[in-house]
file model.cif (mmCIF, C-alpha atoms; chains and numbers go by the auth columns)
data_coords
loop_
_atom_site.group_PDB
_atom_site.id
_atom_site.type_symbol
_atom_site.label_atom_id
_atom_site.label_comp_id
_atom_site.label_asym_id
_atom_site.label_seq_id
_atom_site.Cartn_x
_atom_site.Cartn_y
_atom_site.Cartn_z
_atom_site.B_iso_or_equiv
_atom_site.auth_seq_id
_atom_site.auth_asym_id
ATOM 1 C CA GLY A 1 -6.134 -30.919 0.497 0.00 1 A
ATOM 2 C CA PHE A 2 -5.580 -27.429 1.889 0.00 2 A
ATOM 3 C CA GLN A 3 -2.641 -28.725 3.930 0.00 3 A
ATOM 4 C CA ILE A 4 -0.957 -30.078 0.804 0.00 4 A
ATOM 5 C CA ALA A 5 -1.219 -26.661 -0.847 0.00 5 A
ATOM 6 C CA SER A 6 -0.201 -24.683 2.248 0.00 6 A
ATOM 7 C CA ASP A 7 2.757 -26.953 2.999 0.00 7 A
ATOM 8 C CA ALA A 8 3.922 -26.676 -0.609 0.00 8 A
ATOM 9 C CA PHE A 9 3.734 -22.872 -0.507 0.00 9 A
ATOM 10 C CA ALA A 10 5.616 -22.758 2.794 0.00 10 A
ATOM 11 C CA TYR A 11 8.325 -25.057 1.442 0.00 11 A
ATOM 12 C CA VAL A 12 8.796 -23.146 -1.819 0.00 12 A
ATOM 13 C CA TYR A 13 8.776 -19.719 -0.135 0.00 13 A
ATOM 14 C CA SER A 14 11.246 -20.934 2.512 0.00 14 A
ATOM 15 C CA MET A 15 13.579 -22.122 -0.230 0.00 15 A
ATOM 16 C CA GLY A 16 13.178 -18.756 -1.949 0.00 16 A
ATOM 17 C CA VAL A 17 14.009 -16.839 1.237 0.00 17 A
ATOM 18 C CA LEU A 18 17.135 -18.949 1.769 0.00 18 A
ATOM 19 C CA MET A 19 18.267 -18.339 -1.813 0.00 19 A
ATOM 20 C CA ALA A 20 17.664 -14.585 -1.410 0.00 20 A
ATOM 21 C CA LEU A 21 19.665 -14.531 1.843 0.00 21 A
ATOM 22 C CA GLU A 22 22.538 -16.283 0.098 0.00 22 A
ATOM 23 C CA LEU A 23 22.533 -13.655 -2.650 0.00 23 A
ATOM 24 C CA ILE A 24 22.435 -10.852 -0.075 0.00 24 A
ATOM 25 C CA GLU A 25 25.320 -12.416 1.841 0.00 25 A
ATOM 26 C CA LYS A 26 27.411 -12.740 -1.332 0.00 26 A
ATOM 27 C CA ASP A 27 26.789 -9.086 -2.206 0.00 27 A
ATOM 28 C CA MET A 28 27.774 -7.956 1.288 0.00 28 A
ATOM 29 C CA ASP A 29 30.925 -10.098 1.243 0.00 29 A
ATOM 30 C CA ALA A 30 31.830 -8.514 -2.096 0.00 30 A
ATOM 31 C CA GLY A 31 31.363 -5.008 -0.689 0.00 31 A
ATOM 32 C CA LEU A 32 28.234 -4.359 -2.755 0.00 32 A
ATOM 33 C CA ASP A 33 24.958 -2.795 -1.652 0.00 33 A
ATOM 34 C CA PRO A 34 22.343 -5.609 -1.691 0.00 34 A
ATOM 35 C CA ARG A 35 19.622 -3.043 -2.329 0.00 35 A
ATOM 36 C CA ASP A 36 21.017 -2.438 -5.817 0.00 36 A
ATOM 37 C CA ARG A 37 20.010 -5.972 -6.766 0.00 37 A
ATOM 38 C CA TRP A 38 16.442 -5.827 -5.420 0.00 38 A
ATOM 39 C CA PHE A 39 15.416 -2.179 -5.615 0.00 39 A
ATOM 40 C CA VAL A 40 15.358 0.780 -7.970 0.00 40 A
ATOM 41 C CA LYS A 41 15.428 4.452 -7.048 0.00 41 A
ATOM 42 C CA SER A 42 12.015 6.088 -6.746 0.00 42 A
ATOM 43 C CA THR A 43 11.153 8.800 -9.263 0.00 43 A
ATOM 44 C CA ASP A 44 8.805 10.451 -6.748 0.00 44 A
ATOM 45 C CA ASP A 45 11.069 11.791 -4.015 0.00 45 A
ATOM 46 C CA ARG A 46 9.580 15.316 -4.127 0.00 46 A
ATOM 47 C CA GLY A 47 12.929 16.976 -3.588 0.00 47 A
ATOM 48 C CA LEU A 48 13.572 15.261 -0.261 0.00 48 A
ATOM 49 C CA LEU A 49 16.880 13.706 -1.316 0.00 49 A
ATOM 50 C CA SER A 50 20.079 15.586 -0.606 0.00 50 A
ATOM 51 C CA THR A 51 23.029 15.627 -3.003 0.00 51 A
ATOM 52 C CA ASP A 52 24.486 12.388 -1.581 0.00 52 A
ATOM 53 C CA GLY A 53 21.274 10.465 -2.220 0.00 53 A
ATOM 54 C CA GLU A 54 20.111 10.423 1.407 0.00 54 A
ATOM 55 C CA TYR A 55 17.069 12.159 2.879 0.00 55 A
ATOM 56 C CA ASP A 56 17.504 15.653 4.252 0.00 56 A
ATOM 57 C CA GLU A 57 16.103 15.466 7.795 0.00 57 A
ATOM 58 C CA THR A 58 14.813 19.067 7.871 0.00 58 A
ATOM 59 C CA GLU A 59 13.062 18.753 4.529 0.00 59 A
ATOM 60 C CA LEU A 60 11.652 15.402 5.597 0.00 60 A
ATOM 61 C CA MET A 61 10.141 16.839 8.800 0.00 61 A
ATOM 62 C CA ASN A 62 8.649 19.757 6.872 0.00 62 A
ATOM 63 C CA PHE A 63 7.139 17.295 4.436 0.00 63 A
ATOM 64 C CA ILE A 64 5.552 15.285 7.261 0.00 64 A
ATOM 65 C CA GLU A 65 4.035 18.423 8.763 0.00 65 A
ATOM 66 C CA THR A 66 2.599 19.763 5.503 0.00 66 A
ATOM 67 C CA GLU A 67 1.636 16.669 3.533 0.00 67 A
ATOM 68 C CA ASN A 68 -0.718 13.777 4.224 0.00 68 A
ATOM 69 C CA LYS A 69 1.224 11.398 6.486 0.00 69 A
ATOM 70 C CA SER A 70 -0.344 8.384 4.816 0.00 70 A
ATOM 71 C CA LEU A 71 1.636 9.177 1.664 0.00 71 A
ATOM 72 C CA LEU A 72 4.925 8.671 3.461 0.00 72 A
ATOM 73 C CA HIS A 73 5.588 5.163 4.801 0.00 73 A
ATOM 74 C CA ASP A 74 9.251 5.595 5.642 0.00 74 A
ATOM 75 C CA ALA A 75 12.313 7.132 4.084 0.00 75 A
ATOM 76 C CA SER A 76 13.714 3.889 2.742 0.00 76 A
ATOM 77 C CA SER A 77 10.489 2.849 1.024 0.00 77 A
ATOM 78 C CA LYS A 78 10.250 6.228 -0.750 0.00 78 A
ATOM 79 C CA GLN A 79 13.912 6.177 -1.751 0.00 79 A
ATOM 80 C CA ARG A 80 13.888 2.678 -3.231 0.00 80 A
ATOM 81 C CA LEU A 81 11.083 0.672 -4.820 0.00 81 A
ATOM 82 C CA LEU A 82 11.030 -3.080 -5.332 0.00 82 A
ATOM 83 C CA GLU A 83 11.907 -4.106 -8.875 0.00 83 A
ATOM 84 C CA PRO A 84 8.602 -4.631 -10.745 0.00 84 A
ATOM 85 C CA LYS A 85 9.805 -7.899 -12.244 0.00 85 A
ATOM 86 C CA LEU A 86 10.469 -9.205 -8.735 0.00 86 A
ATOM 87 C CA SER A 87 7.117 -8.177 -7.280 0.00 87 A
ATOM 88 C CA LEU A 88 4.717 -9.591 -9.879 0.00 88 A
ATOM 89 C CA PRO A 89 3.891 -13.278 -9.260 0.00 89 A
ATOM 90 C CA PRO A 90 2.467 -15.557 -11.972 0.00 90 A
ATOM 91 C CA GLN A 91 -1.237 -14.966 -12.534 0.00 91 A
ATOM 92 C CA THR A 92 -2.359 -18.432 -13.678 0.00 92 A
ATOM 93 C CA VAL A 93 -1.092 -22.009 -13.788 0.00 93 A
ATOM 94 C CA LYS A 94 -0.046 -21.459 -17.409 0.00 94 A
ATOM 95 C CA ASP A 95 2.229 -18.586 -16.334 0.00 95 A
ATOM 96 C CA MET A 96 4.039 -20.711 -13.742 0.00 96 A
ATOM 97 C CA PRO A 97 7.195 -22.726 -14.425 0.00 97 A
ATOM 98 C CA LYS A 98 7.247 -26.510 -14.206 0.00 98 A
ATOM 99 C CA PRO A 99 7.148 -27.880 -10.630 0.00 99 A
ATOM 100 C CA LEU A 100 10.538 -28.660 -9.107 0.00 100 A
ATOM 101 C CA PHE A 101 9.549 -31.045 -6.309 0.00 101 A
ATOM 102 C CA CYS A 102 6.050 -32.230 -7.201 0.00 102 A
ATOM 103 C CA ASN A 103 4.572 -34.543 -9.815 0.00 103 A
ATOM 104 C CA PRO A 104 3.252 -32.224 -12.582 0.00 104 A
ATOM 105 C CA LEU A 105 0.184 -34.465 -12.856 0.00 105 A
ATOM 106 C CA TYR A 106 -0.957 -33.190 -9.466 0.00 106 A
ATOM 107 C CA CYS A 107 0.716 -29.767 -9.328 0.00 107 A
ATOM 108 C CA SER A 108 0.001 -28.308 -12.785 0.00 108 A
ATOM 109 C CA ILE A 109 -3.756 -28.198 -12.378 0.00 109 A
ATOM 110 C CA PRO A 110 -6.178 -25.252 -12.705 0.00 110 A
ATOM 111 C CA HIS A 111 -7.685 -25.678 -9.221 0.00 111 A
ATOM 112 C CA PRO A 112 -5.900 -26.282 -5.910 0.00 112 A
ATOM 113 C CA PRO A 113 -6.732 -29.406 -3.897 0.00 113 A
ATOM 114 C CA SER A 114 -9.883 -29.150 -1.819 0.00 114 A
ATOM 115 C CA CYS A 115 -11.060 -31.160 1.138 0.00 115 A
ATOM 116 C CA ILE A 116 -13.516 -31.574 3.948 0.00 116 A
ATOM 117 C CA ASN A 117 -12.023 -31.925 7.406 0.00 117 A
ATOM 118 C CA TYR A 118 -13.275 -31.692 10.934 0.00 118 A
ATOM 119 C CA GLU A 119 -10.385 -29.952 12.648 0.00 119 A
ATOM 120 C CA LYS A 120 -10.925 -26.768 14.590 0.00 120 A
ATOM 121 C CA PRO A 121 -10.524 -24.109 13.354 0.00 121 A
ATOM 122 C CA THR A 122 -11.048 -24.784 9.655 0.00 122 A
ATOM 123 C CA TYR A 123 -11.059 -22.037 7.028 0.00 123 A
ATOM 124 C CA GLY A 124 -12.439 -21.763 3.529 0.00 124 A
ATOM 125 C CA VAL A 125 -15.168 -23.634 1.719 0.00 125 A
ATOM 126 C CA PRO A 126 -14.978 -27.451 1.701 0.00 126 A
ATOM 127 C CA GLY A 127 -14.744 -29.192 -1.665 0.00 127 A
ATOM 128 C CA PRO A 128 -16.578 -32.455 -0.906 0.00 128 A
ATOM 129 C CA THR A 129 -19.862 -32.217 0.975 0.00 129 A
ATOM 130 C CA VAL A 130 -21.648 -34.795 3.116 0.00 130 A
ATOM 131 C CA GLN A 131 -24.872 -36.046 1.525 0.00 131 A
ATOM 132 C CA THR A 132 -25.756 -38.858 3.937 0.00 132 A
ATOM 133 C CA GLN A 133 -24.312 -39.134 7.445 0.00 133 A
ATOM 134 C CA ASN A 134 -26.589 -41.763 9.027 0.00 134 A
ATOM 135 C CA GLU A 135 -25.247 -42.552 12.529 0.00 135 A
ATOM 136 C CA TRP A 136 -21.696 -41.378 12.012 0.00 136 A
ATOM 137 C CA LYS A 137 -20.618 -38.941 14.727 0.00 137 A
ATOM 138 C CA ILE A 138 -18.426 -35.859 14.436 0.00 138 A
ATOM 139 C CA TRP A 139 -15.818 -35.570 17.186 0.00 139 A
ATOM 140 C CA LYS A 140 -13.247 -32.993 18.267 0.00 140 A
ATOM 141 C CA GLN A 141 -10.502 -33.150 20.864 0.00 141 A
ATOM 142 C CA ASN A 142 -11.094 -31.075 23.980 0.00 142 A
ATOM 143 C CA ASN A 143 -7.564 -29.906 24.712 0.00 143 A
ATOM 144 C CA ASN A 144 -6.687 -28.144 27.955 0.00 144 A
ATOM 145 C CA TRP A 145 -4.845 -24.848 28.029 0.00 145 A
ATOM 146 C CA ALA A 146 -1.400 -26.494 28.177 0.00 146 A
ATOM 147 C CA TYR A 147 -1.810 -28.328 24.856 0.00 147 A
ATOM 148 C CA GLU A 148 1.061 -27.420 22.471 0.00 148 A
ATOM 149 C CA VAL A 149 2.364 -24.821 24.957 0.00 149 A
ATOM 150 C CA GLY A 150 6.064 -24.913 25.832 0.00 150 A
ATOM 151 C CA LYS A 151 7.138 -26.430 29.145 0.00 151 A
ATOM 152 C CA LYS A 152 8.747 -23.207 30.391 0.00 152 A
ATOM 153 C CA ASP A 153 5.583 -21.246 29.619 0.00 153 A
ATOM 154 C CA ILE A 154 3.440 -23.844 31.373 0.00 154 A
ATOM 155 C CA ALA A 155 5.585 -23.600 34.509 0.00 155 A
ATOM 156 C CA LEU A 156 5.419 -19.792 34.435 0.00 156 A
ATOM 157 C CA PHE A 157 1.652 -19.580 34.046 0.00 157 A
ATOM 158 C CA LYS A 158 1.066 -22.235 36.683 0.00 158 A
ATOM 159 C CA ARG A 159 2.924 -20.027 39.169 0.00 159 A
ATOM 160 C CA TRP A 160 0.690 -17.114 38.215 0.00 160 A
ATOM 161 C CA ASN A 161 -2.395 -19.309 38.569 0.00 161 A
ATOM 162 C CA ASP A 162 -4.388 -16.826 36.501 0.00 162 A
ATOM 163 C CA GLU A 163 -7.404 -18.156 34.603 0.00 163 A
ATOM 164 C CA GLU A 164 -7.266 -15.234 32.176 0.00 164 A
ATOM 165 C CA TRP A 165 -3.746 -16.192 31.126 0.00 165 A
ATOM 166 C CA TYR A 166 -4.772 -19.822 30.750 0.00 166 A
ATOM 167 C CA GLN A 167 -7.364 -18.699 28.219 0.00 167 A
ATOM 168 C CA LYS A 168 -4.818 -16.542 26.386 0.00 168 A
ATOM 169 C CA CYS A 169 -2.398 -19.456 26.108 0.00 169 A
ATOM 170 C CA THR A 170 -4.918 -22.021 24.943 0.00 170 A
ATOM 171 C CA HIS A 171 -3.941 -23.320 21.508 0.00 171 A
ATOM 172 C CA LEU A 172 -6.722 -22.823 18.964 0.00 172 A
ATOM 173 C CA ASP A 173 -5.992 -26.033 17.074 0.00 173 A
ATOM 174 C CA ALA A 174 -7.985 -29.167 17.886 0.00 174 A
ATOM 175 C CA CYS A 175 -8.004 -32.372 15.898 0.00 175 A
ATOM 176 C CA GLY A 176 -11.343 -33.724 14.777 0.00 176 A
ATOM 177 C CA GLY A 177 -13.007 -36.277 12.556 0.00 177 A
ATOM 178 C CA ILE A 178 -16.104 -38.263 11.794 0.00 178 A
ATOM 179 C CA ALA A 179 -16.406 -41.850 13.005 0.00 179 A
ATOM 180 C CA ALA A 180 -18.653 -44.869 13.391 0.00 180 A
ATOM 181 C CA SER A 181 -18.132 -47.871 15.664 0.00 181 A
ATOM 182 C CA ASP A 182 -19.141 -50.502 13.085 0.00 182 A
ATOM 183 C CA SER A 183 -20.945 -51.058 9.779 0.00 183 A
ATOM 184 C CA SER A 184 -24.360 -51.025 11.416 0.00 184 A
ATOM 185 C CA LYS A 185 -24.159 -47.215 11.638 0.00 185 A
ATOM 186 C CA GLY A 186 -24.888 -46.922 7.924 0.00 186 A
ATOM 187 C CA GLU A 187 -23.110 -45.385 4.968 0.00 187 A
ATOM 188 C CA LEU A 188 -21.276 -42.081 4.924 0.00 188 A
ATOM 189 C CA VAL A 189 -21.815 -40.527 1.496 0.00 189 A
ATOM 190 C CA PHE A 190 -19.855 -37.597 0.085 0.00 190 A
ATOM 191 C CA GLU A 191 -20.491 -35.579 -3.064 0.00 191 A
ATOM 192 C CA LEU A 192 -17.204 -34.766 -4.784 0.00 192 A
ATOM 193 C CA PRO A 193 -16.580 -31.492 -6.700 0.00 193 A
ATOM 194 C CA ALA A 194 -16.349 -33.349 -10.011 0.00 194 A
ATOM 195 C CA SER A 195 -16.293 -30.199 -12.158 0.00 195 A
ATOM 196 C CA LYS A 196 -13.008 -29.123 -10.531 0.00 196 A
ATOM 197 C CA MET A 197 -11.366 -32.551 -10.348 0.00 197 A
ATOM 198 C CA THR A 198 -8.904 -32.983 -13.226 0.00 198 A
ATOM 199 C CA THR A 199 -6.700 -35.829 -11.955 0.00 199 A
ATOM 200 C CA GLY A 200 -9.189 -37.967 -10.027 0.00 200 A
ATOM 201 C CA LEU A 201 -6.941 -38.324 -6.968 0.00 201 A
ATOM 202 C CA ILE A 202 -8.826 -38.834 -3.693 0.00 202 A
ATOM 203 C CA ILE A 203 -7.033 -39.008 -0.336 0.00 203 A
ATOM 204 C CA VAL A 204 -8.714 -40.358 2.803 0.00 204 A
ATOM 205 C CA CYS A 205 -7.050 -39.451 6.112 0.00 205 A
ATOM 206 C CA GLY A 206 -7.282 -41.412 9.339 0.00 206 A
ATOM 207 C CA CYS A 207 -6.085 -40.878 12.888 0.00 207 A
ATOM 208 C CA CYS A 208 -4.048 -41.858 14.833 0.00 208 A
ATOM 209 C CA GLY A 209 -0.936 -43.957 15.461 0.00 209 A
ATOM 210 C CA LYS A 210 1.761 -45.613 13.356 0.00 210 A
ATOM 211 C CA LYS A 211 -0.504 -48.470 12.219 0.00 211 A
ATOM 212 C CA VAL A 212 -3.587 -46.386 11.493 0.00 212 A
ATOM 213 C CA GLY A 213 -3.404 -47.305 7.812 0.00 213 A
ATOM 214 C CA GLU A 214 -3.760 -50.996 8.557 0.00 214 A
ATOM 215 C CA ASP A 215 -6.128 -50.773 11.511 0.00 215 A
ATOM 216 C CA MET A 216 -8.519 -48.197 10.077 0.00 216 A
ATOM 217 C CA PHE A 217 -8.408 -48.978 6.353 0.00 217 A
ATOM 218 C CA LEU A 218 -6.551 -52.039 5.053 0.00 218 A
ATOM 219 C CA LYS A 219 -7.666 -54.526 7.717 0.00 219 A
ATOM 220 C CA ASN A 220 -10.920 -52.924 8.792 0.00 220 A
ATOM 221 C CA GLU A 221 -13.742 -55.421 8.147 0.00 221 A
ATOM 222 C CA ASN A 222 -16.350 -52.722 8.811 0.00 222 A
ATOM 223 C CA LEU A 223 -15.038 -50.401 6.102 0.00 223 A
ATOM 224 C CA GLU A 224 -15.863 -50.439 2.417 0.00 224 A
ATOM 225 C CA ILE A 225 -14.937 -47.567 0.087 0.00 225 A
ATOM 226 C CA LYS A 226 -16.872 -47.452 -3.162 0.00 226 A
#

call {"tool": "encode", "arguments": {"input": "model.cif", "output": "structure tokens"}}
result
Amino acid sequence: GFQIASDAFAYVYSMGVLMALELIEKDMDAGLDPRDRWFVKSTDDRGLLSTDGEYDETELMNFIETENKSLLHDASSKQRLLEPKLSLPPQTVKDMPKPLFCNPLYCSIPHPPSCINYEKPTYGVPGPTVQTQNEWKIWKQNNNWAYEVGKKDIALFKRWNDEEWYQKCTHLDACGGIAASDSSKGELVFELPASKMTTGLIIVCGCCGKKVGEDMFLKNENLEIK
């Protein structure tokens, strides 16, 4: 669930960044200042601007010495402020436009998807909770320090042969799950967050391989979902 939401955000924001870069490029090709599209002049420059609209270096240094430095981030941020209409995101689902790439049935809902997963690390509060586990076992992959590390980096750190660097390079991510060898291990019972479920869509994930859907679910004689 959280991966669906995070992937969707990453995709939409990436598309937005690309569109913004295209606008900036068009402005620059046309000889325009891209900042005029995205920013407005600050009304709180405290007399630091010179007649040509740029900061006077002497006045700026005097300001830094006499005023609280935390009030001054940098010259550009004081000179231009982001347009308010560009910096205020929608507050609720009702304020958001219709989804462009996702079925509105699943994307125009008051609560984001929630899930329970056994990867490491996992953040947030799980939606479903385990009520009865019986003899099902939780497992996690024990990856060595070279897991998901680039080949050139691996070669470099091997030459150093430094255990401290091995620890620094170790990828935090580790796949995990909950499993049982056969039906004799009992039922695995989850309680679903029914009060927040508006579409009734439940996704069960399995691992691993190209035929995991058949082997673990469709043709698994030990599995019954009810």

call {"tool": "atom_distance", "arguments": {"input": "model.cif", "atom1": "atom CA of A:Ile154", "atom2": "atom CA of A:Lys140"}}
result
23.1 Å

call {"tool": "residues_around", "arguments": {"input": "model.cif", "residues": "stretch 171-178 of chain A", "least_positions_apart": "4", "cutoff": "9 Å", "atoms": "only C-alpha atoms", "output": "number ranges by chain"}}
result
A: 117-121, 136-149, 167, 206-207

call {"tool": "atom_distance", "arguments": {"input": "model.cif", "atom1": "atom CA of A:Val125", "atom2": "atom CA of A:Leu201"}}
result
18.9 Å

call {"tool": "closest_residue", "arguments": {"input": "model.cif", "among": "A:Pro193, A:Pro34, A:Gly209, A:Gly186", "to": "A:Pro112", "atoms": "all atoms listed in the file"}}
result
A:Pro193

call {"tool": "atom_distance", "arguments": {"input": "model.cif", "atom1": "atom CA of A:Cys208", "atom2": "atom CA of A:Ala179"}}
result
12.5 Å
